[in-house]
Amino acid sequence: MLVRSAPAVLVVSLLAALAPGALAAPPAPFGHACAPSSGALLCATGNDAARVPSFDGVPLDVDVWLPATGNGPFPTIAMLHGFGGSKTAFEGGDPAYNAAFFARNGYAVVAPSARGFGRSCGVPDSRTGACTRGWIHLDDQRFEAHDVQFLLGTLVDEGVAKADALGVTGVSYGGGTSLQLAILRNRVRLLNGTTGPWTSPAGVPLTLAAAWPRLPWSDLADALAPNGRLGANTFASPFGVEIQAYNNSLYASGNASGFFAPLGADPSADITAWKNRLEQGEPYGADARAALRQLHTFHGAFGISLPKPQTPLLIQQGWTDDLFPVGQGLRIYDLLRRADARAPVALQLGDLGHARGANHPRDIASYDAQGLAFLNARLRASGSTPAPGSVTSFGESCPRNAPSGASPVRASSFARLARGRIVFGHRGAQRVTSAGGDATLSAQLNPLTLDSCRGFRVDVARDTAIVNLRSRGFRLLGMTRITAAIRVRGRDALLVGRLWDVSGNRQRLIDHGVIRLRSRHRLDFQLNGNDYRVARRHRVQLELVGRDAPTYRAANDPFTVTVRNLRVTLPTRERHPRR
């Protein structure tokens, strides 16, 4: 017979009492085993059979990264990849923005392949079983956003994720989902279009505690067909101008790497039909407007009513991003601050993003550090978060491969980035036509291939409007505003504004934007903006053209716009810019 001493019996009893907590086995997210990787634990979906059925049964390929020690629950971040990518997007690359990095900093990290990409029904041989309808819904709140909420809720039920410390971050396509999740906050967009409370599968009420969207859109309808207006519900009034080069590239990428619904199979995800209609061009009727309304309502943050209270947000946007320019983040920033002057939203701006963005390493590293501090403050109650409304901006500089752009400017709000302005203009009449401009130059300005530091030969093309200013040296910081009296002949007229930095016989593009004209008498719109220093003795030249393909789709029908009293207002960092 085995006889135990009293102290030994006491130790065994204590261990038995502690077993459910202190001696519990490390969690197995979604039932997946974990193994050491890059100083953390990687709990991967090892095969298609181990994929996680989402709320509607579509299988998702998702990896979870955990801290090397601890049993949870952990503060948890969902990291969401860009269009055409997969869960592997955050397995390396940026040393301070990847899944293992955040896991080493104490977070559980959920890294899914979005539905229709990777092995979440994207790769052809992954389309088995419930993948029959697992196609891309183009960041629809009812599908892709709901998928992320379902995954986070499941991890809460499993004891992996901390219910009151859930965050999200993502880039581009993932940034769009992140921004939508922030505005949803504690709600889920249901398949019938209504919203309901966000709960875990077991019924635990959930709320998003922080979001760091990088290079997102706020209104997908406006992003794909901008009309030159930044209001909340102006996406189809009038119908915008297709960003043709990018739309073609994105469609080709999605078709090659993902799963588009067959034409006509799903009205909520009829991406090919939407693309075909946009490509037909003007006149745009009820069918085209219905497609834009679908994109506006279910595929962007602007289609969601604001939450109360608001989710803390750190939005990153690129001055030189021709796909999702600064206005996409600024419009949601402005909307949140109009609703609440102390709204917990801040902006990170710079020479970054999609092409033409330079993405200087030191600028990215600075924003990575700010992003980590923001998440730590909101999800772990440590460190500091940017002040409500605050903005940081790194300027554009050349060469593109420089470690950093122009030194950062910090302000308490976007409106306070610029402290002065320069105004110049031309009173006489100038004619802009749909056939004018230099087609060769427009082709060279294709945003997918343009080096923003490249200079082009100065050439005043026919049927364009021009106005110049001799610079005494200033820092452009914000969005160029253009006003004029106009007379329009023809329908569906558009104007593209290009702002050039001219030195000698060479010119460099520093700002641009497009407007679809609604008024036949008054022009008033803003370009996309920039943070750029114009040297002393250079000239600033504003050019208005009526054709700029392939950046923007050319109009189907001819038009003429007569421009008078053309006036250009440049926001500047200097308090008293010299004229």
# chains A, B, ... in the order shown; residues from 1 in each chain; ligands from 1
call {"tool": "closest_atom_pairs", "arguments": {"of": "segment 124-210 of chain A", "to": "segment 87-90 of chain A", "cutoff": "12 Å", "atoms": "only C-alpha atoms", "output": "Markdown table"}}
result
| residue | atom | partner | partner_atom | distance |
| --- | --- | --- | --- | --- |
| A:Thr169 | CA | A:Phe90 | CA | 11.2 |
| A:Gly170 | CA | A:Phe90 | CA | 9.7 |
| A:Val171 | CA | A:Ala89 | CA | 9.9 |
| A:Gly174 | CA | A:Ala89 | CA | 10.8 |
call {"tool": "select_by_dssp", "arguments": {"residues": "segment 343-547 of chain A", "states": "strand (DSSP E)", "output": "ChimeraX atom specification"}}
result
/A:345-350,391-395,406-411,420-426,430-433,456-457,465-470,474-478,481-489,494-503,506-516,522-526,530-534,539-545
call {"tool": "closest_residue", "arguments": {"among": "A:Phe474, A:Gly82, A:Arg119, A:Tyr333", "to": "Ser253 of chain A", "atoms": "only C-alpha atoms"}}
result
A:Gly82
call {"tool": "select_by_dssp", "arguments": {"residues": "segment 175-391 of chain A", "states": "helix (DSSP H, G or I)", "output": "ChimeraX atom specification"}}
result
/A:175-184,220-224,244-257,267-269,271-280,286-298,301-303,326-339,361-379
call {"tool": "closest_residue", "arguments": {"among": "A:Gln317, A:Thr297, A:Thr464, A:Ser257", "to": "Thr562 of chain A", "atoms": "only C-alpha atoms"}}
result
A:Thr464
call {"tool": "residues_around", "arguments": {"residues": "segment 131-142 of chain A", "least_positions_apart": "6", "cutoff": "9 Å", "atoms": "only C-alpha atoms", "output": "PyMOL selection string"}}
result
chain A and resi 57-59+83+114-117+120-122+173-174+176-177+180-181+184+188-193+254+258-261+268-271+295+298-301
call {"tool": "write_last_selection", "arguments": {"atoms": "N, CA and C atoms", "output": "mmCIF file, in the first residue's frame"}}
result
data_model
loop_
_atom_site.group_PDB
_atom_site.id
_atom_site.type_symbol
_atom_site.label_atom_id
_atom_site.label_comp_id
_atom_site.auth_asym_id
_atom_site.auth_seq_id
_atom_site.Cartn_x
_atom_site.Cartn_y
_atom_site.Cartn_z
ATOM 1 N N GLY A 57 -21.834 28.826 -43.430
ATOM 2 C CA GLY A 57 -21.284 27.544 -43.827
ATOM 3 C C GLY A 57 -20.137 27.592 -44.799
ATOM 4 N N VAL A 58 -19.835 28.754 -45.380
ATOM 5 C CA VAL A 58 -18.706 28.854 -46.309
ATOM 6 C C VAL A 58 -17.416 28.609 -45.530
ATOM 7 N N PRO A 59 -16.556 27.688 -45.989
ATOM 8 C CA PRO A 59 -15.339 27.358 -45.230
ATOM 9 C C PRO A 59 -14.249 28.411 -45.408
ATOM 10 N N PHE A 83 -6.679 43.081 -51.573
ATOM 11 C CA PHE A 83 -7.380 42.422 -52.668
ATOM 12 C C PHE A 83 -6.411 41.539 -53.447
ATOM 13 N N ALA A 114 -9.783 36.033 -46.929
ATOM 14 C CA ALA A 114 -11.154 36.486 -47.144
ATOM 15 C C ALA A 114 -11.885 35.531 -48.077
ATOM 16 N N ARG A 115 -13.192 35.422 -47.901
ATOM 17 C CA ARG A 115 -13.948 34.497 -48.748
ATOM 18 C C ARG A 115 -13.726 34.841 -50.224
ATOM 19 N N GLY A 116 -13.493 33.782 -50.994
ATOM 20 C CA GLY A 116 -13.240 33.947 -52.417
ATOM 21 C C GLY A 116 -11.783 34.119 -52.762
ATOM 22 N N PHE A 117 -10.907 34.138 -51.745
ATOM 23 C CA PHE A 117 -9.463 34.258 -51.981
ATOM 24 C C PHE A 117 -8.730 33.123 -51.261
ATOM 25 N N SER A 120 -9.899 29.959 -49.061
ATOM 26 C CA SER A 120 -11.284 30.227 -48.651
ATOM 27 C C SER A 120 -12.150 30.285 -49.907
ATOM 28 N N CYS A 121 -12.054 29.218 -50.684
ATOM 29 C CA CYS A 121 -12.804 29.031 -51.929
ATOM 30 C C CYS A 121 -12.236 29.824 -53.102
ATOM 31 N N GLY A 122 -11.076 30.422 -52.939
ATOM 32 C CA GLY A 122 -10.499 31.205 -54.023
ATOM 33 C C GLY A 122 -9.753 30.361 -55.034
ATOM 34 N N TYR A 173 -7.994 46.386 -49.259
ATOM 35 C CA TYR A 173 -9.228 45.604 -49.156
ATOM 36 C C TYR A 173 -9.522 45.296 -47.688
ATOM 37 N N GLY A 174 -8.482 44.891 -46.953
ATOM 38 C CA GLY A 174 -8.643 44.653 -45.529
ATOM 39 C C GLY A 174 -8.882 45.923 -44.746
ATOM 40 N N GLY A 176 -10.659 48.423 -45.952
ATOM 41 C CA GLY A 176 -12.066 48.712 -46.160
ATOM 42 C C GLY A 176 -12.950 47.948 -45.190
ATOM 43 N N THR A 177 -12.651 46.658 -44.983
ATOM 44 C CA THR A 177 -13.401 45.870 -44.006
ATOM 45 C C THR A 177 -13.188 46.408 -42.601
ATOM 46 N N GLN A 180 -15.335 49.432 -42.009
ATOM 47 C CA GLN A 180 -16.739 49.050 -41.863
ATOM 48 C C GLN A 180 -17.003 48.449 -40.482
ATOM 49 N N LEU A 181 -16.100 47.586 -40.027
ATOM 50 C CA LEU A 181 -16.278 46.970 -38.712
ATOM 51 C C LEU A 181 -16.257 48.018 -37.607
ATOM 52 N N LEU A 184 -19.669 49.627 -37.717
ATOM 53 C CA LEU A 184 -20.659 48.682 -37.182
ATOM 54 C C LEU A 184 -20.542 48.584 -35.666
ATOM 55 N N VAL A 188 -24.156 43.686 -36.373
ATOM 56 C CA VAL A 188 -23.898 42.821 -37.519
ATOM 57 C C VAL A 188 -24.888 43.195 -38.622
ATOM 58 N N ARG A 189 -24.376 43.322 -39.846
ATOM 59 C CA ARG A 189 -25.278 43.546 -40.981
ATOM 60 C C ARG A 189 -25.794 42.181 -41.437
ATOM 61 N N LEU A 190 -27.096 42.010 -41.360
ATOM 62 C CA LEU A 190 -27.717 40.739 -41.684
ATOM 63 C C LEU A 190 -27.961 40.609 -43.188
ATOM 64 N N LEU A 191 -28.248 39.398 -43.635
ATOM 65 C CA LEU A 191 -28.420 39.158 -45.069
ATOM 66 C C LEU A 191 -29.569 39.953 -45.662
ATOM 67 N N ASN A 192 -30.573 40.300 -44.847
ATOM 68 C CA ASN A 192 -31.699 41.081 -45.352
ATOM 69 C C ASN A 192 -31.430 42.581 -45.358
ATOM 70 N N GLY A 193 -30.203 42.970 -44.990
ATOM 71 C CA GLY A 193 -29.822 44.375 -45.028
ATOM 72 C C GLY A 193 -29.995 45.117 -43.726
ATOM 73 N N GLY A 254 -8.538 40.088 -59.434
ATOM 74 C CA GLY A 254 -9.528 39.265 -58.747
ATOM 75 C C GLY A 254 -9.919 38.042 -59.543
ATOM 76 N N GLY A 258 -8.885 34.929 -57.507
ATOM 77 C CA GLY A 258 -10.033 34.671 -56.653
ATOM 78 C C GLY A 258 -11.193 34.056 -57.406
ATOM 79 N N PHE A 259 -12.346 34.072 -56.773
ATOM 80 C CA PHE A 259 -13.543 33.401 -57.254
ATOM 81 C C PHE A 259 -14.647 34.432 -57.429
ATOM 82 N N PHE A 260 -14.893 34.865 -58.683
ATOM 83 C CA PHE A 260 -16.007 35.748 -58.976
ATOM 84 C C PHE A 260 -17.255 34.910 -59.236
ATOM 85 N N ALA A 261 -18.385 35.416 -58.794
ATOM 86 C CA ALA A 261 -19.648 34.740 -59.071
ATOM 87 C C ALA A 261 -19.881 34.681 -60.576
ATOM 88 N N SER A 268 -26.185 40.250 -55.370
ATOM 89 C CA SER A 268 -25.403 40.935 -54.341
ATOM 90 C C SER A 268 -23.903 40.878 -54.601
ATOM 91 N N ALA A 269 -23.481 40.106 -55.596
ATOM 92 C CA ALA A 269 -22.048 39.954 -55.872
ATOM 93 C C ALA A 269 -21.802 39.805 -57.368
ATOM 94 N N ASP A 270 -22.556 40.549 -58.173
ATOM 95 C CA ASP A 270 -22.464 40.414 -59.634
ATOM 96 C C ASP A 270 -21.364 41.328 -60.167
ATOM 97 N N ILE A 271 -20.143 41.052 -59.747
ATOM 98 C CA ILE A 271 -19.013 41.943 -60.015
ATOM 99 C C ILE A 271 -18.765 42.087 -61.508
ATOM 100 N N LEU A 295 -22.989 49.255 -54.089
ATOM 101 C CA LEU A 295 -21.625 49.445 -53.587
ATOM 102 C C LEU A 295 -21.595 50.433 -52.428
ATOM 103 N N PHE A 298 -23.651 48.689 -49.081
ATOM 104 C CA PHE A 298 -23.174 47.478 -48.406
ATOM 105 C C PHE A 298 -21.662 47.270 -48.466
ATOM 106 N N HIS A 299 -20.937 48.121 -49.140
ATOM 107 C CA HIS A 299 -19.509 47.875 -49.353
ATOM 108 C C HIS A 299 -18.624 49.014 -48.839
ATOM 109 N N GLY A 300 -19.138 49.851 -47.985
ATOM 110 C CA GLY A 300 -18.342 50.946 -47.453
ATOM 111 C C GLY A 300 -18.907 51.454 -46.149
ATOM 112 N N ALA A 301 -18.079 52.161 -45.396
ATOM 113 C CA ALA A 301 -18.495 52.659 -44.084
ATOM 114 C C ALA A 301 -19.628 53.667 -44.180
#
call {"tool": "closest_residue", "arguments": {"among": "A:Gly39, A:Gly129, A:Gly167, A:Gly389", "to": "Val109 of chain A", "atoms": "only C-alpha atoms"}}
result
A:Gly167
call {"tool": "atom_distance", "arguments": {"atom1": "atom CA of Leu208 of chain A", "atom2": "atom CA of Asn186 of chain A"}}
result
6.3 Å
call {"tool": "closest_residue", "arguments": {"among": "A:Arg537, A:Arg487, A:Arg508, A:Arg229", "to": "Val561 of chain A", "atoms": "only C-alpha atoms"}}
result
A:Arg487
call {"tool": "closest_residue", "arguments": {"among": "A:Leu448, A:Leu278, A:Ala484, A:Ile183", "to": "Ser305 of chain A", "atoms": "only C-alpha atoms"}}
result
A:Ile183
call {"tool": "residues_around", "arguments": {"residues": "segment 539-554 of chain A", "least_positions_apart": "4", "cutoff": "7 Å", "atoms": "only C-alpha atoms", "output": "PyMOL selection string"}}
result
chain A and resi 241-245+432-437+442-443+446-447+464-471+494-503
call {"tool": "write_last_selection", "arguments": {"atoms": "C-alpha atoms", "output": "PDB file, in the first residue's frame"}}
result
ATOM      1  CA  VAL A 241     -15.996  58.998 -63.779  1.00  0.00           C
ATOM      2  CA  GLU A 242     -14.546  55.496 -63.779  1.00  0.00           C
ATOM      3  CA  ILE A 243     -10.940  55.186 -62.581  1.00  0.00           C
ATOM      4  CA  GLN A 244     -10.364  52.981 -65.565  1.00  0.00           C
ATOM      5  CA  ALA A 245      -6.736  51.922 -65.152  1.00  0.00           C
ATOM      6  CA  VAL A 432     -11.601  72.782 -72.753  1.00  0.00           C
ATOM      7  CA  THR A 433     -12.885  69.962 -74.965  1.00  0.00           C
ATOM      8  CA  SER A 434     -13.329  66.215 -74.710  1.00  0.00           C
ATOM      9  CA  ALA A 435     -10.821  65.806 -77.544  1.00  0.00           C
ATOM     10  CA  GLY A 436      -8.183  68.193 -76.180  1.00  0.00           C
ATOM     11  CA  GLY A 437      -4.977  67.596 -74.300  1.00  0.00           C
ATOM     12  CA  SER A 442      -2.015  61.070 -70.448  1.00  0.00           C
ATOM     13  CA  ALA A 443      -0.769  57.567 -71.228  1.00  0.00           C
ATOM     14  CA  ASN A 446      -1.084  56.032 -65.959  1.00  0.00           C
ATOM     15  CA  PRO A 447      -1.172  55.725 -62.141  1.00  0.00           C
ATOM     16  CA  THR A 464      -7.030  72.947 -72.273  1.00  0.00           C
ATOM     17  CA  ALA A 465      -7.158  75.689 -69.634  1.00  0.00           C
ATOM     18  CA  ILE A 466      -3.933  76.874 -67.970  1.00  0.00           C
ATOM     19  CA  VAL A 467      -3.016  79.225 -65.124  1.00  0.00           C
ATOM     20  CA  ASN A 468       0.464  79.802 -63.622  1.00  0.00           C
ATOM     21  CA  LEU A 469       2.104  81.222 -60.509  1.00  0.00           C
ATOM     22  CA  ARG A 470       5.781  81.964 -59.847  1.00  0.00           C
ATOM     23  CA  SER A 471       6.741  80.355 -56.515  1.00  0.00           C
ATOM     24  CA  LEU A 494     -15.994  66.060 -67.033  1.00  0.00           C
ATOM     25  CA  LEU A 495     -12.876  67.995 -66.130  1.00  0.00           C
ATOM     26  CA  VAL A 496      -9.570  66.686 -64.813  1.00  0.00           C
ATOM     27  CA  GLY A 497      -7.359  69.045 -62.853  1.00  0.00           C
ATOM     28  CA  ARG A 498      -3.591  68.576 -62.858  1.00  0.00           C
ATOM     29  CA  LEU A 499      -1.271  70.627 -60.685  1.00  0.00           C
ATOM     30  CA  TRP A 500       2.332  70.746 -61.906  1.00  0.00           C
ATOM     31  CA  ASP A 501       5.624  71.793 -60.340  1.00  0.00           C
ATOM     32  CA  VAL A 502       7.463  73.383 -63.272  1.00  0.00           C
ATOM     33  CA  SER A 503      11.224  73.960 -63.379  1.00  0.00           C
TER      34      SER A 503
END
call {"tool": "residues_around", "arguments": {"residues": "Pro283 of chain A", "least_positions_apart": "3", "cutoff": "10 Å", "atoms": "only C-alpha atoms", "output": "list of chain:residue names"}}
result
A:Phe239, A:Gln280, A:Ala288, A:Arg491, A:Asp492, A:Ala555, A:Asn556, A:Asp557
call {"tool": "closest_residue", "arguments": {"among": "A:Thr234, A:His512, A:Ala256, A:Asn401", "to": "His296 of chain A", "atoms": "only C-alpha atoms"}}
result
A:Thr234
call {"tool": "residues_around", "arguments": {"residues": "Gln328 of chain A", "least_positions_apart": "4", "cutoff": "7 Å", "atoms": "only C-alpha atoms", "output": "compact mmCIF listing (two decimals) with N, CA and C atoms, in the first residue's frame"}}
result
# COMPACT_ATOMS: atom_id res chain seq x y z
N TRP A 217 -11.06 52.53 -48.22
CA TRP A 217 -12.05 53.43 -48.78
C TRP A 217 -13.15 53.60 -47.75
N SER A 218 -13.87 54.71 -47.84
CA SER A 218 -15.05 54.89 -47.00
C SER A 218 -16.32 54.72 -47.81
N PHE A 324 -7.20 55.04 -53.54
CA PHE A 324 -7.99 55.49 -52.40
C PHE A 324 -7.31 56.72 -51.81
